[in-house]
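Engineer: What follows is a structure written as structure tokens; I'll ask about it next.
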Amino acid sequence: MRWTLKTEPPKEKVEALQKALQVDAITAKLLVHRGVDNYEDAKRFFRPSLNDLHDPFLMKDMDKAVTRIELAIANKENILVYGDYDVDGTTSVALMSSYLKTKHNLVYTYIPNRYDEGYGISYKGINFALENDFSLIIALDCGIKSIDKVAHAKTLGIDFIICDHHRPGDQIPDATAVLDPKREDCNYPFKELCGCGVGFKLIQALASKEGKTAEDLTEYLDLVATAIGADIVPIDGENRVLAYFGLIVINTNPRSGIKAILDQVEKTTLTITDVVFIVAPRINAAGRMKHGNYAVTLLSEEEPDMAKKYAAEINEYNLDRRETDKRITEEALKQIEEQKEQNRLTTVVFNEDWHKGVIGIVASRLIETYYRPTLVFTKSGNKLAASARSVKGFDIYNALGNCKEHIEQFGGHKYAAGLTLEPENYEAFKKAFEEEVSKTIDRDLLTPEIKIDAQIDLDDITPKFYRILKQFAPFGPSNMTPVFMSNNVKDTGYGKCVGADKTHLRLTATQPKSGTKIVGIGFGLGKKLNKITDGKLFRAAYSIDENEWNGNISLQLKLKDIKKQK
């Protein structure tokens, strides 16, 4: 692991913020690192308000989208709400369809089949709309690159409203409205909304025509917060506000579908991390193992008993998904070893029998072993399809763009993308991708990095300090859980490997001349036991959280890494 201590922020800014907020220097440094360097910014950071959301009509084409939907409702047109099969797509469809159904009874949903239609808008979906007399399709979390398909729909008399957040290509589809804050000609102040976030801005705009505000739409924010967590978008700006209030809804009055999921795990108070690891995988499992429609049905269901039934089905899909991705990961690791590709700068693996629904998860798993840009391919019809995942700091989307002569189509983000290509182009693509990454990647990025916010002493870890830290949540990209390091730490003598397979490390940390003793747990750090035995001094990188045991709550170190004291 590569430890990187963040640069000290300007001393005068830290001191000014300390004085304004009456906080300690460490807290002030953490805030300045997050772009919070005055009282007003701090107030917005610690006390998010729905009033801080931007006017949705600042988004290009929003007026056109609202006008077209109002016309469809007035003319009693059939409206098809169309979305991708992942968490962002299915939550978007549930959000938009649920809202429109309160205004109009001719609203239906469509999720493409991952296996015979693939990602995004499909000709099959457009044909479905034609055959069933839909004159308006609202596409969410997809569509920004569907130039030909949107043009085809137009010739059939079908209008499109696109709500997307992916990077556009050179051309914008000729739709009635294209809502995407990443459009170069869109001046919307916040660029990092997820697809469900763009959908929320559209219902916010529609509601505003009736004199309603975001306060009147909070019931939809459990869906938005789930999408924000699952899609790994930055949790700052509007996303922070939406996630903050969405978590309140999840923890106090979630929709029946989300409550049914939570009842399965008996978890009381959820953080955004819990949403990512508990709620999102179950929603995703429907599209991965069966069909995304199951997720939309669950998330739209209002009757608790039916929601419970749907949640039980989806939980079964999730259990199948776990077994499948575990098996494929083992097969992929074996392929890398057998082909003697451990020394490459990329991982590109292929098996025509691998389940298309889990190859993205497998790509992430492979990065845990071989930390480098990774693509996992499988057969999809008569083509090959891949999920791509990257390491922190490397833009895999750009790298794929520089190999596009071998690719049929691709799309995605900096760290995650999908693509298809002809089978005969696989080897040429694999070679070109390795060459492109070799040419452009900073070799340091191939070693996992721990970004450390501040160096502190164990004595600095007090209940008051932790109470303030908790208010930094919700955590995520651009506002990660603070990570600290301490020097000259030693174990009090009771450090040991724990867990069923003894792979985790448990110790009690202290420092010379310190009265503080605090338990630390390091998952997967059991192999570092020899670094803390016999009173050796070591450096520790960690975050701080709470441990509850037999009704007692105490602070503990969540160890990220341990190194020998220099």
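Within each chain, counting starts at residue 1; across the structure tokens, chains are named A, B, ... in the order shown, with ligands numbered 1 upward in that order.
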Do you have, as a Markdown table, the list of residues of segment 508-538 of chain A lying at most 9 Å from segment 456-463 of chain A, each with its nearest atom pair and that distance in Å to one decimal, counting only C-alpha atoms and ordered by chain then number?
Structural biologist:
```
| residue | atom | partner | partner_atom | distance |
| --- | --- | --- | --- | --- |
| A:Ala509 | CA | A:Leu458 | CA | 8.3 |
| A:Thr510 | CA | A:Leu458 | CA | 7.0 |
| A:Gln511 | CA | A:Leu458 | CA | 7.2 |
| A:Ser514 | CA | A:Asp459 | CA | 6.7 |
| A:Gly515 | CA | A:Asp459 | CA | 7.3 |
| A:Thr516 | CA | A:Asp459 | CA | 5.7 |
| A:Lys517 | CA | A:Leu458 | CA | 7.9 |
| A:Ile518 | CA | A:Leu458 | CA | 7.9 |
```
Engineer: Run DSSP on the backbone and grab whatever in segment 195-424 of chain A lands in helix (DSSP H, G or I); send it over as a ChimeraX atom specification.
Structural biologist: /A:195-208,214-230,237-252,256-265,272-290,293-300,304-338,356-369,396-401,404-406,423-424
Engineer: Near Ala207 of chain A, within 12 Å and counting only C-alpha atoms, which residues show up once chain neighbours fewer than 3 positions away are dropped, as number ranges by chain?
Structural biologist: A: 55-57, 66, 69-70, 99-100, 102-103, 200-204, 210-217
Engineer: Take the residues from that selection and put them in a file with C-alpha atoms, as a PDB file, in the first residue's frame.
Structural biologist:
```pdb
ATOM      1  CA  ASP A  55     -33.374  25.575  -9.982  1.00  0.00           C
ATOM      2  CA  PRO A  56     -34.029  22.594 -12.319  1.00  0.00           C
ATOM      3  CA  PHE A  57     -34.765  24.983 -15.203  1.00  0.00           C
ATOM      4  CA  VAL A  66     -41.693  19.788 -19.015  1.00  0.00           C
ATOM      5  CA  ILE A  69     -44.787  15.876 -20.659  1.00  0.00           C
ATOM      6  CA  GLU A  70     -47.567  18.355 -19.851  1.00  0.00           C
ATOM      7  CA  TYR A  99     -44.445  10.343  -9.846  1.00  0.00           C
ATOM      8  CA  LEU A 100     -46.142  10.496 -13.261  1.00  0.00           C
ATOM      9  CA  THR A 102     -49.972  10.519  -9.620  1.00  0.00           C
ATOM     10  CA  LYS A 103     -50.841  12.812 -12.583  1.00  0.00           C
ATOM     11  CA  PHE A 200     -35.421  13.895  -9.785  1.00  0.00           C
ATOM     12  CA  LYS A 201     -34.596  17.299 -11.303  1.00  0.00           C
ATOM     13  CA  LEU A 202     -37.255  16.627 -13.952  1.00  0.00           C
ATOM     14  CA  ILE A 203     -39.962  15.792 -11.413  1.00  0.00           C
ATOM     15  CA  GLN A 204     -38.819  18.801  -9.369  1.00  0.00           C
ATOM     16  CA  GLU A 210     -47.916  23.375  -9.506  1.00  0.00           C
ATOM     17  CA  GLY A 211     -46.216  25.567  -6.907  1.00  0.00           C
ATOM     18  CA  LYS A 212     -44.553  22.630  -5.151  1.00  0.00           C
ATOM     19  CA  THR A 213     -40.960  22.515  -3.908  1.00  0.00           C
ATOM     20  CA  ALA A 214     -38.381  19.797  -3.270  1.00  0.00           C
ATOM     21  CA  GLU A 215     -39.807  19.528   0.270  1.00  0.00           C
ATOM     22  CA  ASP A 216     -42.963  18.065  -1.291  1.00  0.00           C
ATOM     23  CA  LEU A 217     -40.932  15.368  -3.088  1.00  0.00           C
TER      24      LEU A 217
END
```
Engineer: Just the residues within 10 Å of Gly125 of chain A, please, counting only C-alpha atoms, with nothing from its chain fewer than 3 positions along; format it as a ChimeraX atom specification.
Structural biologist: /A:80,82,110-113,117,120-122,128-131,137,149
Engineer: What is the distance between atom CA of Glu184 of chain A and atom CA of Arg167 of chain A, in Å to one decimal?
Structural biologist: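 Atom CA of Arg167 of chain A lies 9.5 Å from atom CA of Glu184 of chain A.
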Engineer: Of the candidates A:Val265, A:Asn318, A:Trp3, A:Ala205, which shows the shortest atom-to-atom distance to Tyr542 of chain A, using only C-alpha atoms?
Structural biologist: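 Nearest to Tyr542 of chain A: A:Trp3.
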Engineer: Within 10 Å of Met306 of chain A, counting only C-alpha atoms, which residues qualify if same-chain residues fewer than 4 places away don't, as a VMD selection string?
Structural biologist: chain A and resid 256 to 257 260 297 to 298 301 to 302 310 to 312
Engineer: I need the chosen residues saved as a PDB file, in the first residue's frame, with N, CA and C atoms.
Structural biologist:
```
ATOM      1  N   SER A 256     -42.149   0.790   0.560  1.00  0.00           N
ATOM      2  CA  SER A 256     -42.363  -0.616   0.965  1.00  0.00           C
ATOM      3  C   SER A 256     -41.272  -1.546   0.442  1.00  0.00           C
ATOM      4  N   GLY A 257     -40.818  -1.323  -0.794  1.00  0.00           N
ATOM      5  CA  GLY A 257     -39.813  -2.206  -1.385  1.00  0.00           C
ATOM      6  C   GLY A 257     -38.488  -2.147  -0.660  1.00  0.00           C
ATOM      7  N   ALA A 260     -38.817  -3.722   2.773  1.00  0.00           N
ATOM      8  CA  ALA A 260     -38.805  -5.191   2.699  1.00  0.00           C
ATOM      9  C   ALA A 260     -37.389  -5.731   2.593  1.00  0.00           C
ATOM     10  N   THR A 297     -40.543  -3.398 -10.179  1.00  0.00           N
ATOM     11  CA  THR A 297     -41.782  -3.843  -9.525  1.00  0.00           C
ATOM     12  C   THR A 297     -41.656  -3.734  -8.011  1.00  0.00           C
ATOM     13  N   LEU A 298     -40.527  -4.202  -7.474  1.00  0.00           N
ATOM     14  CA  LEU A 298     -40.303  -4.119  -6.030  1.00  0.00           C
ATOM     15  C   LEU A 298     -40.296  -2.664  -5.562  1.00  0.00           C
ATOM     16  N   GLU A 301     -43.812  -0.999  -5.685  1.00  0.00           N
ATOM     17  CA  GLU A 301     -44.909  -1.646  -4.946  1.00  0.00           C
ATOM     18  C   GLU A 301     -45.242  -0.875  -3.661  1.00  0.00           C
ATOM     19  N   GLU A 302     -46.513  -0.631  -3.441  1.00  0.00           N
ATOM     20  CA  GLU A 302     -46.928   0.109  -2.241  1.00  0.00           C
ATOM     21  C   GLU A 302     -47.461  -0.811  -1.154  1.00  0.00           C
ATOM     22  N   TYR A 310     -41.815  -9.885  -3.215  1.00  0.00           N
ATOM     23  CA  TYR A 310     -40.863  -9.535  -4.279  1.00  0.00           C
ATOM     24  C   TYR A 310     -39.431  -9.467  -3.736  1.00  0.00           C
ATOM     25  N   ALA A 311     -39.286  -8.934  -2.521  1.00  0.00           N
ATOM     26  CA  ALA A 311     -37.948  -8.819  -1.924  1.00  0.00           C
ATOM     27  C   ALA A 311     -37.341 -10.199  -1.675  1.00  0.00           C
ATOM     28  N   ALA A 312     -38.193 -11.162  -1.286  1.00  0.00           N
ATOM     29  CA  ALA A 312     -37.703 -12.530  -1.055  1.00  0.00           C
ATOM     30  C   ALA A 312     -37.198 -13.135  -2.365  1.00  0.00           C
TER      31      ALA A 312
END
```
Engineer: Please provide as a list in words all residues within 8 Å of segment 251-253 of chain A, with the sequence filter that same-chain residues fewer than 3 positions apart are discarded (counting only C-alpha atoms).
Structural biologist: Leu247, Ile248, Thr268, Thr269 and Leu270 of chain A
Engineer: Please identify all polymer residues within 6 Å of segment 368-383 of chain A, counting only C-alpha atoms, omitting same-chain residues fewer than 4 positions from it, and present them as a list in words.
Structural biologist: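 Residues meeting the cut-off are Thr346, Thr347, Val348, Val349, Phe350, Asn351, Glu352, Trp354, Ile359, Ala363, Ser387, Ala388, Arg389, Ser390, Val391, Leu421, Glu422, Pro423 and Leu446 of chain A.
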Engineer: Output N, CA and C atoms for every residue in that selection, as an mmCIF file, in the first residue's frame.
Structural biologist:
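Output file selection_29.cif follows:
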```
data_model
loop_
_atom_site.group_PDB
_atom_site.id
_atom_site.type_symbol
_atom_site.label_atom_id
_atom_site.label_comp_id
_atom_site.auth_asym_id
_atom_site.auth_seq_id
_atom_site.Cartn_x
_atom_site.Cartn_y
_atom_site.Cartn_z
ATOM 1 N N THR A 346 -2.298 -4.570 -17.602
ATOM 2 C CA THR A 346 -3.757 -4.665 -17.684
ATOM 3 C C THR A 346 -4.177 -6.113 -17.469
ATOM 4 N N THR A 347 -5.433 -6.274 -17.111
ATOM 5 C CA THR A 347 -6.032 -7.606 -17.070
ATOM 6 C C THR A 347 -7.149 -7.636 -18.105
ATOM 7 N N VAL A 348 -7.053 -8.558 -19.065
ATOM 8 C CA VAL A 348 -8.129 -8.767 -20.042
ATOM 9 C C VAL A 348 -8.349 -10.276 -20.128
ATOM 10 N N VAL A 349 -9.511 -10.725 -19.688
ATOM 11 C CA VAL A 349 -9.802 -12.165 -19.681
ATOM 12 C C VAL A 349 -11.128 -12.418 -20.399
ATOM 13 N N PHE A 350 -11.282 -13.658 -20.888
ATOM 14 C CA PHE A 350 -12.479 -13.991 -21.669
ATOM 15 C C PHE A 350 -12.843 -15.462 -21.499
ATOM 16 N N ASN A 351 -14.139 -15.695 -21.346
ATOM 17 C CA ASN A 351 -14.679 -17.050 -21.416
ATOM 18 C C ASN A 351 -16.112 -16.912 -21.912
ATOM 19 N N GLU A 352 -16.427 -17.630 -22.974
ATOM 20 C CA GLU A 352 -17.750 -17.439 -23.587
ATOM 21 C C GLU A 352 -18.893 -17.911 -22.709
ATOM 22 N N TRP A 354 -19.071 -17.363 -19.349
ATOM 23 C CA TRP A 354 -19.263 -16.555 -18.138
ATOM 24 C C TRP A 354 -20.566 -15.775 -18.197
ATOM 25 N N ILE A 359 -20.081 -10.007 -14.788
ATOM 26 C CA ILE A 359 -18.683 -9.751 -15.192
ATOM 27 C C ILE A 359 -18.143 -8.420 -14.652
ATOM 28 N N ALA A 363 -14.743 -8.166 -12.534
ATOM 29 C CA ALA A 363 -13.660 -7.225 -12.859
ATOM 30 C C ALA A 363 -13.179 -6.503 -11.600
ATOM 31 N N SER A 387 -17.163 -5.865 -19.344
ATOM 32 C CA SER A 387 -17.249 -4.820 -18.319
ATOM 33 C C SER A 387 -15.830 -4.414 -17.980
ATOM 34 N N ALA A 388 -15.617 -3.103 -17.901
ATOM 35 C CA ALA A 388 -14.287 -2.563 -17.595
ATOM 36 C C ALA A 388 -14.318 -1.866 -16.251
ATOM 37 N N ARG A 389 -13.260 -2.064 -15.473
ATOM 38 C CA ARG A 389 -13.105 -1.361 -14.201
ATOM 39 C C ARG A 389 -11.672 -0.848 -14.128
ATOM 40 N N SER A 390 -11.493 0.287 -13.451
ATOM 41 C CA SER A 390 -10.164 0.885 -13.415
ATOM 42 C C SER A 390 -9.641 1.031 -11.996
ATOM 43 N N VAL A 391 -8.380 1.400 -11.916
ATOM 44 C CA VAL A 391 -7.755 1.724 -10.636
ATOM 45 C C VAL A 391 -7.885 3.222 -10.420
ATOM 46 N N LEU A 421 -17.502 -5.901 -28.948
ATOM 47 C CA LEU A 421 -16.653 -5.965 -30.144
ATOM 48 C C LEU A 421 -16.879 -7.297 -30.861
ATOM 49 N N GLU A 422 -16.409 -7.357 -32.078
ATOM 50 C CA GLU A 422 -16.505 -8.598 -32.862
ATOM 51 C C GLU A 422 -15.467 -9.589 -32.335
ATOM 52 N N PRO A 423 -15.800 -10.882 -32.281
ATOM 53 C CA PRO A 423 -14.867 -11.879 -31.737
ATOM 54 C C PRO A 423 -13.483 -11.853 -32.389
ATOM 55 N N LEU A 446 -0.466 1.874 -10.037
ATOM 56 C CA LEU A 446 -0.638 0.420 -9.984
ATOM 57 C C LEU A 446 -0.391 -0.148 -8.589
#
```
Engineer: Using only C-alpha atoms, find the one residue out of A:Asn293, A:Gln22, A:Ala386, A:Asp236 that sits nearest to Gly35 of chain A.
Structural biologist: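 So, comparing all the options, the nearest one is A:Asp236.
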Engineer: Quick check, in Å to one decimal: how far apart do atom CA of Gly551 of chain A and atom CA of Arg467 of chain A lie?
Structural biologist: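 Computing it gives 18.8 Å between the two atoms.
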Engineer: Closest to Val36 of chain A among A:Gln18, A:Ile147, A:Gly89, A:Thr176, using only C-alpha atoms?
Structural biologist: A:Gln18
Engineer: So which one's closest to Tyr466 of chain A, A:Ile532, A:Leu555, A:Leu221, A:Leu31? Using only C-alpha atoms, please.
Structural biologist: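 For Tyr466 of chain A, the nearest of the given residues is A:Leu555.
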Engineer: Determine which residues of segment 15-134 of chain A receive a DSSP assignment of strand (DSSP E or B), computed from the backbone, and state them as a list of chain:residue names.
Structural biologist: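 So the strand (DSSP E or B) residues in segment 15-134 of chain A would be A:Asn78, A:Ile79, A:Leu80, A:Val81, A:Tyr82, A:Gly83, A:Val107, A:Tyr108, A:Thr109, A:Tyr110, A:Phe134.
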Engineer: The selected residues should be written to file as a short mmCIF file (atom, residue, chain, number, x, y, z; two decimals), in the first residue's frame (atoms: N, CA and C atoms).
Structural biologist:
```
data_model
loop_
_atom_site.label_atom_id
_atom_site.label_comp_id
_atom_site.auth_asym_id
_atom_site.auth_seq_id
_atom_site.Cartn_x
_atom_site.Cartn_y
_atom_site.Cartn_z
N ASN A 78 -50.05 7.75 -24.26
CA ASN A 78 -49.34 6.71 -23.53
C ASN A 78 -47.88 7.13 -23.36
N ILE A 79 -47.38 7.08 -22.12
CA ILE A 79 -45.99 7.45 -21.84
C ILE A 79 -45.23 6.20 -21.39
N LEU A 80 -44.09 5.95 -22.02
CA LEU A 80 -43.25 4.81 -21.65
C LEU A 80 -42.00 5.32 -20.93
N VAL A 81 -41.82 4.88 -19.69
CA VAL A 81 -40.63 5.26 -18.90
C VAL A 81 -39.62 4.14 -19.05
N TYR A 82 -38.48 4.47 -19.66
CA TYR A 82 -37.49 3.48 -20.12
C TYR A 82 -36.19 3.71 -19.36
N GLY A 83 -35.59 2.64 -18.83
CA GLY A 83 -34.33 2.83 -18.10
C GLY A 83 -33.45 1.62 -18.15
N VAL A 107 -49.21 5.53 -17.87
CA VAL A 107 -47.75 5.50 -17.70
C VAL A 107 -47.32 4.05 -17.51
N TYR A 108 -46.34 3.61 -18.31
CA TYR A 108 -45.86 2.23 -18.26
C TYR A 108 -44.34 2.24 -18.23
N THR A 109 -43.76 1.10 -17.89
CA THR A 109 -42.30 1.05 -17.75
C THR A 109 -41.69 -0.01 -18.67
N TYR A 110 -40.41 0.22 -19.00
CA TYR A 110 -39.69 -0.74 -19.84
C TYR A 110 -38.22 -0.77 -19.43
N PHE A 134 -47.27 3.97 -27.95
CA PHE A 134 -46.60 4.98 -27.11
C PHE A 134 -46.05 6.08 -28.02
#
```
Engineer: Just checking: using only C-alpha atoms, which residue out of A:Ser364, A:Gln556, A:Asn487, A:Thr67 ends up closest to Lys209 of chain A?
Structural biologist: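 Ranking A:Ser364, A:Gln556, A:Asn487, A:Thr67 by distance to Lys209 of chain A, first place goes to A:Thr67.
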Engineer: Restricting the calculation to only C-alpha atoms, which member of A:Glu427, A:Asp37, A:Glu338, A:Asp320 is positioned closest to Lys19 of chain A?
Structural biologist: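 For Lys19 of chain A, the nearest of the candidates is A:Asp37.
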